[in-house]
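Chemist: File follows, my_file00.cif with mmCIF, C-alpha atoms:
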data_data
#
loop_
_atom_site.label_atom_id
_atom_site.label_comp_id
_atom_site.auth_asym_id
_atom_site.auth_seq_id
_atom_site.Cartn_x
_atom_site.Cartn_y
_atom_site.Cartn_z
CA MET H 1 36.50 171.86 -103.06
CA THR H 2 39.35 171.29 -105.50
CA ALA H 3 41.66 174.08 -106.61
CA THR H 4 40.04 174.48 -110.02
CA ALA H 5 36.41 173.82 -109.16
CA THR H 6 35.20 177.25 -110.20
CA THR H 7 37.44 177.86 -113.19
CA ASP H 8 35.63 175.87 -115.86
CA THR H 9 32.24 174.88 -114.50
CA ALA H 10 30.65 175.81 -117.82
CA LEU H 11 32.74 173.29 -119.75
CA ALA H 12 30.43 170.28 -119.57
CA ALA H 13 27.21 172.23 -119.97
CA SER H 14 28.29 173.99 -123.14
CA ALA H 15 30.61 171.42 -124.69
CA ALA H 16 30.63 171.10 -128.46
CA THR H 17 28.75 168.07 -129.73
CA ASP H 18 30.41 165.12 -131.44
CA GLU H 19 28.77 166.23 -134.67
CA ASP H 20 30.13 169.77 -134.30
CA LEU H 21 33.65 168.51 -133.78
CA SER H 22 33.48 165.98 -136.61
CA ALA H 23 32.23 168.62 -139.02
CA ILE H 24 35.23 170.81 -138.23
CA PHE H 25 38.03 168.28 -137.99
CA ASP H 26 37.16 165.26 -140.15
CA PRO H 27 37.81 167.17 -143.42
CA ILE H 28 41.18 168.29 -142.05
CA PHE H 29 42.07 164.71 -141.10
CA ALA H 30 41.24 163.66 -144.66
CA ARG H 31 43.58 166.31 -146.07
CA ILE H 32 46.31 165.22 -143.68
CA ALA H 33 45.93 161.58 -144.71
CA GLU H 34 46.36 162.41 -148.40
CA GLY H 35 50.04 163.23 -148.03
CA ALA H 36 50.97 160.90 -145.16
CA VAL H 37 52.79 158.30 -147.26
CA SER H 38 54.80 160.85 -149.27
CA ARG H 39 55.78 162.71 -146.10
CA GLU H 40 56.92 159.42 -144.61
CA ARG H 41 59.03 158.53 -147.65
CA ASP H 42 60.57 162.00 -147.99
CA ARG H 43 60.85 162.66 -144.22
CA ARG H 44 59.03 165.99 -144.43
CA LEU H 45 57.92 167.35 -141.08
CA PRO H 46 54.19 168.18 -140.99
CA HIS H 47 54.49 171.92 -140.29
CA GLU H 48 51.72 172.78 -142.74
CA GLN H 49 49.38 170.08 -141.48
CA ILE H 50 49.80 171.11 -137.85
CA GLY H 51 49.11 174.65 -139.01
CA TRP H 52 45.74 173.52 -140.39
CA LEU H 53 44.85 172.02 -137.01
CA ARG H 54 46.01 175.13 -135.18
CA GLU H 55 43.84 177.37 -137.35
CA ALA H 56 40.82 175.14 -136.75
CA GLY H 57 41.34 175.29 -132.98
CA PHE H 58 42.50 171.73 -132.30
CA GLY H 59 44.84 172.99 -129.60
CA ARG H 60 41.98 174.46 -127.57
CA LEU H 61 39.67 171.45 -127.60
CA ARG H 62 39.61 171.06 -123.83
CA LEU H 63 39.51 174.75 -122.97
CA PRO H 64 36.22 175.93 -121.45
CA ARG H 65 33.79 177.63 -123.81
CA ALA H 66 34.02 180.78 -121.70
CA ALA H 67 37.78 180.83 -122.26
CA GLY H 68 37.53 180.49 -126.03
CA GLY H 69 37.72 176.71 -126.31
CA PHE H 70 35.38 173.95 -127.42
CA GLY H 71 34.76 172.57 -123.94
CA ALA H 72 35.40 169.07 -125.28
CA THR H 73 35.33 166.12 -122.93
CA ALA H 74 38.27 163.75 -122.57
CA ASP H 75 36.47 161.04 -124.54
CA GLN H 76 35.58 163.47 -127.32
CA GLN H 77 39.23 164.46 -127.54
CA ALA H 78 40.31 160.80 -127.60
CA ALA H 79 37.91 160.05 -130.46
CA LEU H 80 39.36 162.92 -132.45
CA LEU H 81 42.91 161.77 -131.70
CA ILE H 82 42.04 158.31 -133.02
CA GLY H 83 40.80 159.92 -136.23
CA LEU H 84 43.94 162.02 -136.47
CA GLY H 85 46.09 158.97 -135.73
CA ALA H 86 44.46 157.12 -138.61
CA ALA H 87 45.45 160.04 -140.83
CA ASP H 88 49.00 160.47 -139.50
CA SER H 89 50.05 159.18 -136.08
CA ASN H 90 53.13 161.41 -136.12
CA ILE H 91 50.92 164.44 -135.59
CA VAL H 92 49.13 162.92 -132.60
CA GLN H 93 52.45 162.40 -130.88
CA ALA H 94 53.75 165.81 -131.93
CA LEU H 95 50.78 167.37 -130.10
CA ARG H 96 51.06 165.14 -127.01
CA GLY H 97 53.02 167.70 -125.01
CA HIS H 98 50.49 170.38 -125.85
CA ILE H 99 47.55 168.18 -124.86
CA GLY H 100 49.21 167.39 -121.54
CA PHE H 101 49.99 171.07 -120.97
CA VAL H 102 46.32 171.97 -121.34
CA GLU H 103 45.47 169.54 -118.53
CA PHE H 104 48.34 171.01 -116.50
CA VAL H 105 46.79 174.45 -116.91
CA LEU H 106 43.25 173.28 -116.11
CA ALA H 107 44.41 171.84 -112.79
CA HIS H 108 46.96 174.50 -111.91
CA PRO H 109 46.52 175.97 -108.42
CA ARG H 110 47.27 179.59 -109.42
CA GLU H 111 44.40 181.51 -110.96
CA GLU H 112 46.64 184.08 -112.64
CA PHE H 113 48.59 181.25 -114.28
CA ARG H 114 45.39 179.69 -115.60
CA ASP H 115 44.05 183.02 -116.86
CA PHE H 116 47.24 183.81 -118.80
CA TRP H 117 47.40 180.40 -120.45
CA PHE H 118 43.70 180.27 -121.24
CA ALA H 119 44.23 183.44 -123.28
CA GLU H 120 47.38 182.14 -124.97
CA LEU H 121 45.85 178.78 -125.85
CA ALA H 122 42.62 180.34 -127.08
CA ALA H 123 44.70 182.52 -129.40
CA GLY H 124 46.23 179.41 -130.98
CA ALA H 125 49.50 178.97 -129.09
CA LEU H 126 51.01 175.47 -129.15
CA VAL H 127 53.23 174.13 -126.37
CA GLY H 128 55.97 171.55 -126.84
CA ASN H 129 57.65 169.29 -124.32
CA ALA H 130 61.23 169.04 -123.07
CA GLU H 131 61.67 166.77 -120.07
CA SER H 132 63.97 163.83 -120.89
CA GLU H 133 67.70 163.90 -120.26
CA ARG H 134 70.55 161.46 -120.77
CA THR H 135 72.64 162.50 -117.79
CA GLY H 136 70.88 160.60 -115.03
CA PRO H 137 67.54 159.80 -113.39
CA PHE H 138 64.61 162.19 -113.53
CA ALA H 139 65.17 163.17 -109.90
CA ARG H 140 68.58 164.60 -110.81
CA GLN H 141 67.80 167.12 -113.51
CA ALA H 142 70.93 168.62 -115.04
CA THR H 143 68.87 171.39 -116.64
CA ARG H 144 68.51 174.23 -114.15
CA VAL H 145 66.80 177.53 -113.55
CA HIS H 146 68.99 179.99 -111.72
CA GLN H 147 69.65 183.65 -111.04
CA GLU H 148 72.08 185.46 -113.30
CA ASP H 149 72.59 189.21 -112.98
CA GLY H 150 69.30 189.50 -111.14
CA GLU H 151 67.30 187.63 -113.79
CA LEU H 152 66.10 184.05 -114.06
CA VAL H 153 67.68 182.00 -116.83
CA LEU H 154 67.41 178.40 -118.04
CA ASP H 155 70.39 176.23 -119.04
CA GLY H 156 70.46 172.61 -120.14
CA THR H 157 69.97 170.06 -122.88
CA LYS H 158 66.87 167.95 -123.42
CA TYR H 159 66.31 164.95 -125.66
CA TYR H 160 63.14 163.56 -127.25
CA THR H 161 61.59 167.02 -127.10
CA THR H 162 58.48 165.93 -128.97
CA GLY H 163 56.55 168.64 -130.76
CA SER H 164 58.78 171.51 -129.67
CA ILE H 165 59.91 172.22 -133.23
CA PHE H 166 56.27 173.04 -134.10
CA ALA H 167 55.51 174.97 -130.92
CA ASP H 168 55.37 178.57 -129.70
CA TRP H 169 56.25 177.66 -126.12
CA ILE H 170 58.12 174.76 -124.51
CA LEU H 171 57.41 173.16 -121.14
CA VAL H 172 60.71 172.19 -119.52
CA SER H 173 61.48 170.16 -116.40
CA ALA H 174 64.42 171.58 -114.49
CA ARG H 175 66.05 171.92 -111.12
CA ALA H 176 65.30 175.30 -109.58
CA GLU H 177 67.82 176.86 -107.27
CA GLU H 178 66.68 178.02 -103.85
CA GLY H 179 64.56 181.14 -104.09
CA VAL H 180 63.45 180.54 -107.67
CA SER H 181 60.20 178.72 -106.92
CA GLY H 182 60.02 178.98 -103.15
CA GLU H 183 62.58 176.27 -102.42
CA ALA H 184 65.27 174.33 -104.20
CA GLY H 185 64.01 171.32 -106.12
CA LEU H 186 62.35 170.14 -109.29
CA ALA H 187 60.24 172.64 -111.17
CA THR H 188 58.29 172.99 -114.38
CA VAL H 189 59.24 175.99 -116.52
CA VAL H 190 57.60 177.37 -119.66
CA VAL H 191 59.72 179.41 -122.08
CA ARG H 192 59.24 180.80 -125.57
CA ALA H 193 60.39 178.42 -128.32
CA ASP H 194 61.82 181.40 -130.20
CA ALA H 195 63.54 182.95 -127.18
CA PRO H 196 67.24 183.83 -127.40
CA GLY H 197 69.30 180.81 -126.42
CA VAL H 198 66.84 178.13 -127.58
CA ARG H 199 68.14 175.77 -130.28
CA ILE H 200 65.92 172.95 -131.55
CA GLU H 201 67.43 170.20 -133.68
CA ASP H 202 65.49 167.67 -135.76
CA ASP H 203 67.86 164.81 -134.98
CA TRP H 204 65.43 162.09 -133.88
CA ASP H 205 66.72 158.85 -135.45
CA GLY H 206 64.12 156.31 -134.36
CA PHE H 207 62.87 153.80 -136.95
CA GLY H 208 59.27 154.92 -136.35
CA GLN H 209 57.36 158.12 -135.65
CA ARG H 210 60.03 159.92 -137.65
CA LEU H 211 58.05 163.12 -138.18
CA THR H 212 57.17 163.99 -134.58
CA GLY H 213 59.91 166.57 -134.11
CA SER H 214 61.29 164.51 -131.23
CA GLY H 215 64.81 165.88 -131.47
CA THR H 216 67.22 167.65 -129.14
CA THR H 217 66.63 171.08 -127.64
CA VAL H 218 69.44 173.10 -126.08
CA PHE H 219 68.74 175.97 -123.66
CA THR H 220 71.58 178.46 -123.13
CA GLY H 221 70.89 181.41 -120.85
CA VAL H 222 67.21 181.45 -121.87
CA PRO H 223 65.20 184.19 -120.11
CA VAL H 224 62.57 182.84 -117.73
CA ASP H 225 59.44 184.67 -116.60
CA PRO H 226 59.01 183.98 -112.86
CA ARG H 227 55.25 183.63 -113.43
CA PHE H 228 55.89 180.49 -115.44
CA VAL H 229 57.91 178.57 -112.87
CA THR H 230 55.94 175.95 -110.93
CA ALA H 231 57.50 173.87 -108.16
CA ARG H 232 56.78 170.19 -108.70
CA SER H 233 55.24 169.94 -105.23
CA ALA H 234 52.76 172.70 -106.09
CA GLU H 235 52.06 171.15 -109.47
CA SER H 236 51.05 167.80 -108.03
CA ALA H 237 49.21 169.02 -104.93
CA PRO H 238 45.68 169.27 -106.36
CA GLY H 239 45.91 166.09 -108.45
CA SER H 240 44.82 165.94 -112.06
CA VAL H 241 44.21 163.65 -115.00
CA LEU H 242 47.55 164.72 -116.47
CA HIS H 243 49.33 161.37 -116.15
CA ALA H 244 46.40 159.42 -117.55
CA THR H 245 46.05 161.94 -120.37
CA TYR H 246 49.65 161.58 -121.48
CA GLN H 247 49.21 157.81 -121.83
CA LEU H 248 45.76 158.17 -123.35
CA VAL H 249 47.31 160.16 -126.21
CA HIS H 250 49.64 157.25 -126.97
CA LEU H 251 46.75 154.79 -126.84
CA SER H 252 44.66 156.96 -129.15
CA ALA H 253 47.54 157.11 -131.61
CA LEU H 254 47.82 153.31 -131.49
CA ALA H 255 44.09 152.95 -132.11
CA GLY H 256 44.42 155.28 -135.08
CA ILE H 257 47.36 153.29 -136.47
CA ALA H 258 45.30 150.11 -136.25
CA GLU H 259 42.46 151.76 -138.17
CA ALA H 260 44.87 153.01 -140.82
CA ALA H 261 46.46 149.57 -141.18
CA LEU H 262 43.05 147.93 -141.66
CA ARG H 263 42.07 150.60 -144.19
CA ASP H 264 45.26 150.17 -146.19
CA ILE H 265 45.34 146.40 -146.23
CA THR H 266 41.65 146.21 -147.17
CA GLU H 267 42.34 148.49 -150.12
CA PHE H 268 45.35 146.33 -151.00
CA VAL H 269 43.22 143.17 -151.10
CA ARG H 270 40.50 144.85 -153.15
CA THR H 271 42.94 146.07 -155.78
CA ARG H 272 45.26 143.04 -156.07
CA PRO H 273 45.34 141.81 -159.67
CA ARG H 274 46.27 138.23 -158.82
CA ASN H 275 46.50 135.67 -156.05
CA LEU H 276 49.91 134.00 -156.32
CA PHE H 277 49.48 131.18 -153.78
CA ASN H 278 45.85 130.35 -154.61
CA PRO H 279 45.47 131.43 -158.26
CA ALA H 280 42.11 129.74 -158.74
CA ILE H 281 40.47 132.18 -156.31
CA ALA H 282 40.17 135.94 -156.68
CA PRO H 283 42.11 137.92 -154.04
CA THR H 284 38.87 139.29 -152.60
CA GLU H 285 37.58 135.73 -152.10
CA ASP H 286 40.75 134.17 -150.74
CA PRO H 287 39.96 132.59 -147.32
CA VAL H 288 43.33 133.59 -145.87
CA SER H 289 42.91 137.22 -146.84
CA LEU H 290 39.36 137.30 -145.55
CA GLN H 291 40.40 135.74 -142.25
CA VAL H 292 43.19 138.26 -141.72
CA LEU H 293 40.84 141.12 -142.56
CA GLY H 294 38.23 139.76 -140.15
CA GLU H 295 40.75 139.32 -137.34
CA SER H 296 42.11 142.81 -137.92
CA PHE H 297 38.62 144.28 -137.91
CA GLY H 298 37.94 142.68 -134.53
CA ALA H 299 41.22 144.00 -133.14
CA VAL H 300 40.52 147.52 -134.39
CA LYS H 301 37.05 147.59 -132.87
CA THR H 302 38.30 146.16 -129.57
CA VAL H 303 41.13 148.67 -129.34
CA ARG H 304 38.90 151.63 -130.15
CA ALA H 305 36.28 150.60 -127.60
CA SER H 306 38.94 150.04 -124.94
CA VAL H 307 40.56 153.43 -125.49
CA LEU H 308 37.26 155.31 -125.47
CA ALA H 309 36.16 153.49 -122.30
CA ALA H 310 39.39 154.53 -120.59
CA ALA H 311 38.85 158.08 -121.84
CA ALA H 312 35.39 158.04 -120.26
CA SER H 313 37.02 157.18 -116.92
CA VAL H 314 39.38 160.11 -117.36
CA GLU H 315 36.42 162.36 -118.11
CA ALA H 316 34.59 161.18 -114.98
CA ALA H 317 37.58 162.18 -112.84
CA SER H 318 38.00 165.47 -114.67
CA ALA H 319 34.28 166.28 -114.33
CA ALA H 320 34.36 165.57 -110.60
CA GLN H 321 37.31 167.88 -110.20
CA ARG H 322 35.64 170.64 -112.21
CA SER H 323 32.41 170.39 -110.26
CA GLY H 324 34.09 170.68 -106.88
CA ALA H 325 33.29 167.16 -105.69
CA GLU H 326 34.50 166.05 -102.29
CA GLU H 327 38.24 165.43 -102.18
CA ALA H 328 37.83 161.74 -101.34
CA GLU H 329 35.56 161.18 -104.34
CA THR H 330 37.86 163.06 -106.70
CA THR H 331 40.92 161.23 -105.42
CA ALA H 332 39.24 157.87 -105.94
CA LEU H 333 38.13 158.78 -109.47
CA LEU H 334 41.62 160.03 -110.37
CA ALA H 335 43.14 156.72 -109.20
CA ALA H 336 40.47 154.79 -111.10
CA ALA H 337 41.20 156.76 -114.27
CA ASP H 338 44.93 156.12 -113.99
CA ALA H 339 44.32 152.43 -113.34
CA HIS H 340 41.99 152.15 -116.33
CA VAL H 341 44.37 153.86 -118.74
CA PHE H 342 47.51 152.18 -117.41
CA GLY H 343 45.76 148.83 -117.19
CA ILE H 344 44.78 148.57 -120.86
CA GLN H 345 48.12 149.69 -122.25
CA SER H 346 49.65 146.25 -122.70
CA THR H 347 46.44 144.81 -124.16
CA VAL H 348 46.15 147.62 -126.69
CA ILE H 349 49.82 147.37 -127.60
CA ASP H 350 49.63 143.60 -128.15
CA LEU H 351 46.52 143.85 -130.33
CA VAL H 352 47.87 146.69 -132.46
CA LEU H 353 51.30 145.16 -132.98
CA ARG H 354 49.70 141.88 -133.99
CA ALA H 355 47.30 143.61 -136.38
CA THR H 356 50.01 145.73 -138.01
CA GLY H 357 52.22 142.65 -138.44
CA ARG H 358 49.48 140.35 -139.72
CA ILE H 359 48.64 142.64 -142.63
CA PHE H 360 51.65 141.23 -144.50
CA GLU H 361 50.09 137.76 -144.46
CA VAL H 362 47.72 138.77 -147.26
CA GLY H 363 50.14 140.32 -149.71
CA GLY H 364 53.33 138.37 -150.06
CA ALA H 365 56.36 140.31 -151.25
CA SER H 366 54.25 142.97 -152.98
CA ALA H 367 52.95 144.15 -149.61
CA THR H 368 56.50 145.11 -148.64
CA SER H 369 56.87 147.60 -151.50
CA GLY H 370 58.30 150.87 -150.29
CA SER H 371 55.80 152.75 -152.42
CA ARG H 372 52.99 151.48 -150.19
CA ALA H 373 54.85 152.16 -146.93
CA LEU H 374 52.72 149.57 -145.13
CA ASP H 375 55.65 148.95 -142.82
CA ARG H 376 55.14 152.38 -141.29
CA HIS H 377 52.15 151.11 -139.33
CA TRP H 378 54.15 148.49 -137.42
CA ARG H 379 57.20 150.73 -137.05
CA ASN H 380 55.12 153.60 -135.69
CA ALA H 381 53.15 151.35 -133.35
CA ARG H 382 56.31 149.69 -132.05
CA THR H 383 57.97 153.05 -131.44
CA ILE H 384 55.00 154.51 -129.56
CA SER H 385 54.75 151.33 -127.50
CA SER H 386 58.36 151.69 -126.40
CA HIS H 387 57.69 155.01 -124.65
CA ASN H 388 56.95 154.84 -120.92
CA PRO H 389 57.13 151.02 -120.86
CA ALA H 390 53.71 149.55 -120.16
CA ILE H 391 55.07 146.77 -117.95
CA TYR H 392 55.95 149.31 -115.24
CA ARG H 393 52.43 150.69 -115.39
CA GLN H 394 50.98 147.22 -115.01
CA GLN H 395 52.94 146.88 -111.79
CA ALA H 396 51.51 150.21 -110.63
CA VAL H 397 47.98 148.97 -111.35
CA GLY H 398 48.70 145.76 -109.44
CA ASN H 399 49.93 147.79 -106.48
CA HIS H 400 46.71 149.79 -106.63
CA LEU H 401 44.54 146.67 -106.64
CA ALA H 402 46.45 144.87 -103.90
CA ASN H 403 47.47 147.75 -101.66
CA GLY H 404 45.33 150.74 -102.58
CA VAL H 405 48.28 152.83 -103.78
CA PRO H 406 47.20 155.29 -106.53
CA PRO H 407 48.88 154.21 -109.80
CA ALA H 408 50.30 157.65 -110.49
CA ALA H 409 51.93 157.68 -107.06
CA SER H 410 53.62 154.35 -107.73
CA PHE H 411 54.91 155.48 -111.08
CA LEU H 412 56.09 158.89 -109.86
CA ALA H 413 57.93 157.14 -107.03
CA LEU H 414 59.98 155.33 -109.68
CA LEU H 415 60.88 158.62 -111.35
CA ALA H 416 61.81 160.21 -108.03
CA ALA H 417 63.99 157.32 -106.87
CA GLU H 418 67.72 157.85 -106.53
CA PRO H 419 70.14 155.35 -108.12
CA ALA H 420 71.05 152.37 -105.94
CA ASN H 421 74.75 153.10 -106.36
#
Kindly return the structure encoded in the file as structure tokens.

Modeler:
Amino acid sequence: MTATATTDTALAASAATDEDLSAIFDPIFARIAEGAVSRERDRRLPHEQIGWLREAGFGRLRLPRAAGGFGATADQQAALLIGLGAADSNIVQALRGHIGFVEFVLAHPREEFRDFWFAELAAGALVGNAESERTGPFARQATRVHQEDGELVLDGTKYYTTGSIFADWILVSARAEEGVSGEAGLATVVVRADAPGVRIEDDWDGFGQRLTGSGTTVFTGVPVDPRFVTARSAESAPGSVLHATYQLVHLSALAGIAEAALRDITEFVRTRPRNLFNPAIAPTEDPVSLQVLGESFGAVKTVRASVLAAAASVEAASAAQRSGAEEAETTALLAAADAHVFGIQSTVIDLVLRATGRIFEVGGASATSGSRALDRHWRNARTISSHNPAIYRQQAVGNHLANGVPPAASFLALLAAEPAN
């Protein structure tokens, strides 16, 4: 039996239907899409839009029905993320840390931890992410949890803290001193975003995904509840779909960007008043435009199908874990899910980047107008694709195929490695 086999057995049986979820969230996605271009031009963070999703329960999609969630499957969640990505991919990425945290909770070995966070998440709490540093490799976290005057406190600086500026809580990777989480070593800590000593700065300067709140967060003597400290060894012991889920969020955002690009360029072709290079033919009958639209359509459909198929593999592993399947079966399904998600990353990236670049073939200089912001599709896709480089994950999949090493193990070994010098 897995550690969480009895915690959410009702999830699959009582999951919300696709129609239920669409009825709730599709109208919200439409509202979000209405202001996406103006937010991009003015660099306005989507606080209000994320608030709409919070109120509708987007943050509790994967929670069991019995815990106040929708009991959504991984593939249902991915389909919704694609729809949200087509509306505004910034918001998908801003919620990535929260989505990963939910999976972290679902697979957590401590029942009291799960019970507390089920209640928090069901009440609408959002959780941000703060793991990256600039001071060295992941294995040497400069951020630390330590004892000070008999209390646990957190000190450190994190970069690319995606979504934390919108969140109620922040998940932080840190080095725990001996006695904090059983032994000295890496730990995961969750602290209040509004706790004394937390300072979040919106200083992300990337050329894409500008509205994700991926800035710097500084922790200075932040109080830490011992209940919310998890040693990394304990976190990874039961295995989970966490690593696949994190990448699946990126892939869903990319699929959404591709859909948005096709939507926007189709509308551009339909409304063009003239065809400069082939004036004898109406823009909607121009062979070049029609070919680009047809190619883009094929890419969009291929990407969507690929992402949802990978999400189904993630769901198969998650379902096995929930049902208490034999450890060998669950382990094999978890590795297969990681391989599926990691394996399609480069293919999805290549298709989406090509599609978002090809849209300019149909419009000439007018397609580059800042008022249309068509460039945001390529910039956002390129930025997402630069996170967690896919080429390393391809190597992990190759190692799995040739040597039977689980992909997540290969990738985590890279993060845990010490510098050669």

Chemist: Could you check how far atom CA of Gly35 of chain H sits from atom CA of Ser22 of chain H, in Å to one decimal?

Modeler: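 So the two atoms, atom CA of Gly35 of chain H and atom CA of Ser22 of chain H, lie 20.3 Å apart.
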
Chemist: Using only C-alpha atoms, find the one residue out of H:Val180, H:Ile165, H:Leu154, H:Ala107 that sits nearest to Leu126 of chain H.

Modeler: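 Checking each candidate against Leu126 of chain H, we get H:Ile165 as the closest.
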
Chemist: First collect every listed atom of segment 202-213 of chain H; then fit an axis-aligned box around them, widen it by 3 Å on each side, and give centre and edge lengths in Å to one decimal, as AutoDock Vina command-line options.

Modeler:
--center_x 62.5 --center_y 160.7 --center_z -136.0 --size_x 16.7 --size_y 19.9 --size_z 10.3

Chemist: Which is closest to Ala336 of chain H among H:Val222, H:Ala79, H:Val241, H:Leu293, if we use all atoms listed in the file?

Modeler: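 Smallest separation from Ala336 of chain H among the options: H:Val241.
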
Chemist: Considering all atoms listed in the file, state which residue in the set H:Arg43, H:His377, H:Arg272, H:His243 is at the smallest distance from Ser410 of chain H.

Modeler: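 Checking each of H:Arg43, H:His377, H:Arg272, H:His243 against Ser410 of chain H, counting all atoms listed in the file, the winner is H:His243.
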
Chemist: Out of H:Glu151, H:Asp26, H:Asp375, H:Glu34, which residue has the shortest atom-to-atom distance to Leu84 of chain H when counting all atoms listed in the file?

Modeler: H:Asp26

Chemist: Kindly resolve the PyMOL selection byres ((chain H and resi 48-56) around 12) on the present coordinates and return the residues as a VMD selection string.

Modeler: chain H and resid 21 to 36 39 44 to 47 57 to 61 69 to 70 80 to 81 84 87 to 88 90 to 95 98 121 to 127 163 165 to 168 211 to 213

Chemist: Can you spit out the residues from that selection as a PDB file, keeping the file's coordinate frame, using C-alpha atoms?

Modeler:
ATOM      1  CA  LEU H  21      33.650 168.510-133.780  1.00  0.00           C
ATOM      2  CA  SER H  22      33.480 165.980-136.610  1.00  0.00           C
ATOM      3  CA  ALA H  23      32.230 168.620-139.020  1.00  0.00           C
ATOM      4  CA  ILE H  24      35.230 170.810-138.230  1.00  0.00           C
ATOM      5  CA  PHE H  25      38.030 168.280-137.990  1.00  0.00           C
ATOM      6  CA  ASP H  26      37.160 165.260-140.150  1.00  0.00           C
ATOM      7  CA  PRO H  27      37.810 167.170-143.420  1.00  0.00           C
ATOM      8  CA  ILE H  28      41.180 168.290-142.050  1.00  0.00           C
ATOM      9  CA  PHE H  29      42.070 164.710-141.100  1.00  0.00           C
ATOM     10  CA  ALA H  30      41.240 163.660-144.660  1.00  0.00           C
ATOM     11  CA  ARG H  31      43.580 166.310-146.070  1.00  0.00           C
ATOM     12  CA  ILE H  32      46.310 165.220-143.680  1.00  0.00           C
ATOM     13  CA  ALA H  33      45.930 161.580-144.710  1.00  0.00           C
ATOM     14  CA  GLU H  34      46.360 162.410-148.400  1.00  0.00           C
ATOM     15  CA  GLY H  35      50.040 163.230-148.030  1.00  0.00           C
ATOM     16  CA  ALA H  36      50.970 160.900-145.160  1.00  0.00           C
ATOM     17  CA  ARG H  39      55.780 162.710-146.100  1.00  0.00           C
ATOM     18  CA  ARG H  44      59.030 165.990-144.430  1.00  0.00           C
ATOM     19  CA  LEU H  45      57.920 167.350-141.080  1.00  0.00           C
ATOM     20  CA  PRO H  46      54.190 168.180-140.990  1.00  0.00           C
ATOM     21  CA  HIS H  47      54.490 171.920-140.290  1.00  0.00           C
ATOM     22  CA  GLY H  57      41.340 175.290-132.980  1.00  0.00           C
ATOM     23  CA  PHE H  58      42.500 171.730-132.300  1.00  0.00           C
ATOM     24  CA  GLY H  59      44.840 172.990-129.600  1.00  0.00           C
ATOM     25  CA  ARG H  60      41.980 174.460-127.570  1.00  0.00           C
ATOM     26  CA  LEU H  61      39.670 171.450-127.600  1.00  0.00           C
ATOM     27  CA  GLY H  69      37.720 176.710-126.310  1.00  0.00           C
ATOM     28  CA  PHE H  70      35.380 173.950-127.420  1.00  0.00           C
ATOM     29  CA  LEU H  80      39.360 162.920-132.450  1.00  0.00           C
ATOM     30  CA  LEU H  81      42.910 161.770-131.700  1.00  0.00           C
ATOM     31  CA  LEU H  84      43.940 162.020-136.470  1.00  0.00           C
ATOM     32  CA  ALA H  87      45.450 160.040-140.830  1.00  0.00           C
ATOM     33  CA  ASP H  88      49.000 160.470-139.500  1.00  0.00           C
ATOM     34  CA  ASN H  90      53.130 161.410-136.120  1.00  0.00           C
ATOM     35  CA  ILE H  91      50.920 164.440-135.590  1.00  0.00           C
ATOM     36  CA  VAL H  92      49.130 162.920-132.600  1.00  0.00           C
ATOM     37  CA  GLN H  93      52.450 162.400-130.880  1.00  0.00           C
ATOM     38  CA  ALA H  94      53.750 165.810-131.930  1.00  0.00           C
ATOM     39  CA  LEU H  95      50.780 167.370-130.100  1.00  0.00           C
ATOM     40  CA  HIS H  98      50.490 170.380-125.850  1.00  0.00           C
ATOM     41  CA  LEU H 121      45.850 178.780-125.850  1.00  0.00           C
ATOM     42  CA  ALA H 122      42.620 180.340-127.080  1.00  0.00           C
ATOM     43  CA  ALA H 123      44.700 182.520-129.400  1.00  0.00           C
ATOM     44  CA  GLY H 124      46.230 179.410-130.980  1.00  0.00           C
ATOM     45  CA  ALA H 125      49.500 178.970-129.090  1.00  0.00           C
ATOM     46  CA  LEU H 126      51.010 175.470-129.150  1.00  0.00           C
ATOM     47  CA  VAL H 127      53.230 174.130-126.370  1.00  0.00           C
ATOM     48  CA  GLY H 163      56.550 168.640-130.760  1.00  0.00           C
ATOM     49  CA  ILE H 165      59.910 172.220-133.230  1.00  0.00           C
ATOM     50  CA  PHE H 166      56.270 173.040-134.100  1.00  0.00           C
ATOM     51  CA  ALA H 167      55.510 174.970-130.920  1.00  0.00           C
ATOM     52  CA  ASP H 168      55.370 178.570-129.700  1.00  0.00           C
ATOM     53  CA  LEU H 211      58.050 163.120-138.180  1.00  0.00           C
ATOM     54  CA  THR H 212      57.170 163.990-134.580  1.00  0.00           C
ATOM     55  CA  GLY H 213      59.910 166.570-134.110  1.00  0.00           C
TER      56      GLY H 213
END

Chemist: With the PyMOL selection byres ((chain H and resi 307) around 12) as the selection, what would be picked from this file? Answer as a PyMOL selection string, please.

Modeler: chain H and resi 74-82+244-245+247-256+300-306+308-314+337+340-349

Chemist: Name the residues captured by the PyMOL selection byres ((chain H and resi 138) around 10) when it is applied to the shown file; answer as a short mmCIF file (atom, residue, chain, number, x, y, z; two decimals) with C-alpha atoms, in the frame of the given file.

Modeler:
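Full text of part12.cif as output:
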data_model
loop_
_atom_site.label_atom_id
_atom_site.label_comp_id
_atom_site.auth_asym_id
_atom_site.auth_seq_id
_atom_site.Cartn_x
_atom_site.Cartn_y
_atom_site.Cartn_z
CA GLU H 131 61.67 166.77 -120.07
CA SER H 132 63.97 163.83 -120.89
CA GLU H 133 67.70 163.90 -120.26
CA ARG H 134 70.55 161.46 -120.77
CA THR H 135 72.64 162.50 -117.79
CA GLY H 136 70.88 160.60 -115.03
CA PRO H 137 67.54 159.80 -113.39
CA ALA H 139 65.17 163.17 -109.90
CA ARG H 140 68.58 164.60 -110.81
CA GLN H 141 67.80 167.12 -113.51
CA ALA H 142 70.93 168.62 -115.04
CA SER H 173 61.48 170.16 -116.40
CA ALA H 174 64.42 171.58 -114.49
CA LEU H 186 62.35 170.14 -109.29
CA LEU H 412 56.09 158.89 -109.86
CA LEU H 414 59.98 155.33 -109.68
CA LEU H 415 60.88 158.62 -111.35
CA ALA H 416 61.81 160.21 -108.03
CA ALA H 417 63.99 157.32 -106.87
CA GLU H 418 67.72 157.85 -106.53
#
